[in-house]
Amino acid sequence: MLFYHNKIIRKFANPRRQVMKQSIFTSLFIFLFGGLLTIDSSSFAQDLNQSEKGAFYLYWGYNRSAYTQSDLHLKGRGYDFTMKNMTASDNPEKLSMSYLNIEKITIPQFNVRLGYFFKDKWALTLGYDHMKYLMDHPQEITLDGEIQPGVSDLWSGTYDNQLVTSDYEHIHYENSDGLNYIRVELARYFDLLSVGQNNWFRVRAQAAAATGIILSYNDFNFGGQFDRKTISVSGYGLSLHPGLRLEFFNHIFLQTNFSAGFMHQIKVMNRPNDKSAYSKQRFGYIASDLVLGYTWRFNRK
């Protein structure tokens, strides 16, 4: 039940890969919303302002993401260089039982969030987006900097904005375990449509802004050394999150979100036992996710 966009701004995507696909949810939404438009207006609840101050909600779902090109600066023993205009892609798990197996539920790219309505229609939330960021291969990149002799059997030398072609065997960079955006979000909800005297079905829109830290699990292959899952708090993010929620029986909801943001990784540790080996970069991203959640309401009009 992943939600995919079938079109995406080209600069965010690797042209060699199909980035976002149409999902089953799109058809479901069109069916539900189109059916609601045919219902007589007398069946709509007159009061859409049900009190929800003090309510909590929790959701879980999955995402796809795409990233802008970026300049990745790498520094370590015997090298100090930048790969300019580097492209990277996400790495979604293939549709399988991993999405239903509780022991493997965190392997795909997922979202989890706990929200609290501190007043009607306003919520403060905490959670994180587990995304994945993998350097594309092969790709032409502009190399600038120095790699001392003996560090790399292919790339050792001094470079002044020279074009080179990457390959997985000689250099690879990824955050597949992941690029974890742990963020606080302020969300405002807008009631668009309500059905039934007890509001058994509602359509709501979300507008949200967020900021938080980036927890990186970095895999880095260079100079004949491949280190995996080097953990560091690497930077921060800023993002916006519009969304649409279909709510059933005042508790269960299905929500789709679109995210657009900026990430600044100030210092990503690349080697677990070498503090001098790190990288830094800045990039933009967009993402879409589909989540299933539940709301606990304690104060109703």
# chains A, B, ... in the order shown; residues from 1 in each chain; ligands from 1
>>> residues_around(residues="Leu163 in chain A", least_positions_apart="4", cutoff="12 Å", atoms="only C-alpha atoms", output="list in words")
Thr82, Met83, Lys84, Asn85, Met86, Gln139, Glu140, Ile141, Thr142, Leu143, Asp144, Trp155 and Tyr159 of chain A
>>> closest_atom_pairs(of="range 217-295 of chain A", to="range 122-138 of chain A", cutoff="10 Å", atoms="only C-alpha atoms", output="tab-separated table")
residue	atom	partner	partner_atom	distance
A:Tyr217	CA	A:Lys132	CA	9.6
A:Asn218	CA	A:Tyr133	CA	9.5
A:Asp219	CA	A:Leu134	CA	9.2
A:Ala287	CA	A:Met131	CA	9.1
A:Asp289	CA	A:Asp129	CA	9.5
>>> closest_residue(among="A:Phe283, A:Tyr173, A:Phe56, A:Tyr168", to="Asn270 in chain A", atoms="only C-alpha atoms")
A:Tyr173
>>> residues_around(residues="range 258-268 of chain A", least_positions_apart="6", cutoff="8 Å", atoms="only C-alpha atoms", output="CSV table (one decimal) with N, CA, C and O atoms, in the first residue's frame")
chain,number,residue,atom,x,y,z
A,214,ILE,N,19.1,15.0,12.0
A,214,ILE,CA,19.3,13.8,11.1
A,214,ILE,C,20.3,12.8,11.8
A,214,ILE,O,21.4,13.2,12.1
A,216,SER,N,22.3,9.6,11.0
A,216,SER,CA,22.8,8.9,9.8
A,216,SER,C,23.4,7.5,10.2
A,216,SER,O,24.1,7.5,11.2
A,218,ASN,N,25.7,5.5,8.1
A,218,ASN,CA,26.5,5.7,6.9
A,218,ASN,C,27.2,4.4,6.5
A,218,ASN,O,27.9,3.8,7.3
A,232,SER,N,26.0,8.6,13.4
A,232,SER,CA,26.3,9.9,13.8
A,232,SER,C,25.0,10.8,13.7
A,232,SER,O,24.2,10.6,12.9
A,233,VAL,N,24.9,11.8,14.6
A,233,VAL,CA,24.0,12.8,14.5
A,233,VAL,C,24.6,13.8,13.5
A,233,VAL,O,25.5,14.6,13.9
A,234,SER,N,24.2,13.9,12.3
A,234,SER,CA,25.0,14.5,11.2
A,234,SER,C,24.5,15.9,10.9
A,234,SER,O,25.3,16.6,10.1
A,235,GLY,N,23.3,16.3,11.3
A,235,GLY,CA,22.9,17.6,10.9
A,235,GLY,C,21.5,17.9,11.2
A,235,GLY,O,20.9,17.3,12.2
A,236,TYR,N,20.8,18.7,10.4
A,236,TYR,CA,19.4,19.1,10.7
A,236,TYR,C,18.6,19.2,9.4
A,236,TYR,O,19.2,19.3,8.3
A,237,GLY,N,17.3,19.3,9.6
A,237,GLY,CA,16.4,19.5,8.4
A,237,GLY,C,15.4,20.5,8.7
A,237,GLY,O,15.0,20.8,9.8
A,238,LEU,N,14.8,21.1,7.6
A,238,LEU,CA,13.7,22.0,7.7
A,238,LEU,C,12.7,21.5,6.6
A,238,LEU,O,13.1,21.2,5.5
A,239,SER,N,11.4,21.4,6.9
A,239,SER,CA,10.5,20.8,5.9
A,239,SER,C,9.1,21.3,6.1
A,239,SER,O,8.7,21.8,7.1
A,240,LEU,N,8.3,21.2,5.0
A,240,LEU,CA,6.8,21.4,5.0
A,240,LEU,C,6.1,20.1,4.6
A,240,LEU,O,6.6,19.4,3.8
A,241,HIS,N,4.9,20.0,5.2
A,241,HIS,CA,4.2,18.7,5.0
A,241,HIS,C,2.7,18.9,4.8
A,241,HIS,O,1.9,18.7,5.8
A,242,PRO,N,2.2,19.2,3.6
A,242,PRO,CA,0.8,19.2,3.4
A,242,PRO,C,0.3,17.8,3.3
A,242,PRO,O,1.1,16.9,2.9
A,243,GLY,N,-1.0,17.6,3.7
A,243,GLY,CA,-1.5,16.2,3.6
A,243,GLY,C,-3.0,16.2,3.5
A,243,GLY,O,-3.7,17.2,3.6
A,278,TYR,N,35.2,12.0,7.6
A,278,TYR,CA,33.8,12.5,7.7
A,278,TYR,C,33.4,13.1,6.3
A,278,TYR,O,34.3,13.4,5.5
A,279,SER,N,32.1,13.4,6.2
A,279,SER,CA,31.7,14.0,4.9
A,279,SER,C,30.6,15.1,5.3
A,279,SER,O,30.1,15.1,6.4
A,280,LYS,N,30.3,16.0,4.4
A,280,LYS,CA,29.3,17.0,4.6
A,280,LYS,C,28.6,17.3,3.3
A,280,LYS,O,29.3,17.3,2.2
A,281,GLN,N,27.4,17.7,3.3
A,281,GLN,CA,26.6,18.1,2.1
A,281,GLN,C,25.3,18.8,2.5
A,281,GLN,O,24.9,18.7,3.6
A,282,ARG,N,24.7,19.4,1.5
A,282,ARG,CA,23.4,20.0,1.6
A,282,ARG,C,22.6,19.6,0.4
A,282,ARG,O,23.1,19.6,-0.8
A,283,PHE,N,21.3,19.3,0.6
A,283,PHE,CA,20.5,18.9,-0.6
A,283,PHE,C,19.0,19.1,-0.2
A,283,PHE,O,18.6,19.2,1.0
A,284,GLY,N,18.2,19.2,-1.2
A,284,GLY,CA,16.8,19.3,-1.1
A,284,GLY,C,16.1,17.9,-1.3
A,284,GLY,O,16.8,17.1,-1.9
A,285,TYR,N,14.9,17.8,-0.8
A,285,TYR,CA,14.3,16.5,-1.0
A,285,TYR,C,12.8,16.7,-1.1
A,285,TYR,O,12.2,17.7,-0.6
A,286,ILE,N,12.1,15.8,-1.8
A,286,ILE,CA,10.7,15.7,-1.8
A,286,ILE,C,10.3,14.2,-1.5
A,286,ILE,O,11.1,13.3,-1.8
A,287,ALA,N,9.2,14.0,-0.8
A,287,ALA,CA,8.8,12.7,-0.5
A,287,ALA,C,7.3,12.6,-0.4
A,287,ALA,O,6.6,13.6,-0.3
A,288,SER,N,6.7,11.4,-0.6
A,288,SER,CA,5.3,11.1,-0.3
A,288,SER,C,5.2,9.9,0.5
A,288,SER,O,6.1,9.0,0.5
A,289,ASP,N,4.2,9.9,1.4
A,289,ASP,CA,4.0,8.7,2.2
A,289,ASP,C,2.5,8.4,2.4
A,289,ASP,O,1.6,9.3,2.2
>>> atom_distance(atom1="CA of Phe222 in chain A", atom2="CA of Met269 in chain A")
13.7 Å
>>> closest_residue(among="A:Phe110, A:Tyr57, A:Tyr294, A:Phe190", to="Ile252 in chain A", atoms="only C-alpha atoms")
A:Tyr294
>>> residues_around(residues="Glu52 in chain A", least_positions_apart="5", cutoff="12 Å", atoms="only C-alpha atoms", output="PyMOL selection string")
chain A and resi 57+115-123+189+250-251+295-301
>>> closest_residue(among="A:Lys53, A:Arg183, A:Arg204, A:Lys75", to="Phe248 in chain A", atoms="only C-alpha atoms")
A:Arg204
>>> closest_residue(among="A:Asp177, A:Asp80, A:Glu247, A:Asp274", to="Ser156 in chain A", atoms="only C-alpha atoms")
A:Asp80
>>> closest_residue(among="A:Phe201, A:Phe253, A:Tyr59, A:Tyr181", to="Val112 in chain A", atoms="only C-alpha atoms")
A:Tyr59
>>> atom_distance(atom1="CA of Leu114 in chain A", atom2="CA of Leu58 in chain A")
4.5 Å
>>> closest_residue(among="A:Leu246, A:Leu179, A:Ala210, A:Ser152", to="Leu192 in chain A", atoms="only C-alpha atoms")
A:Leu246
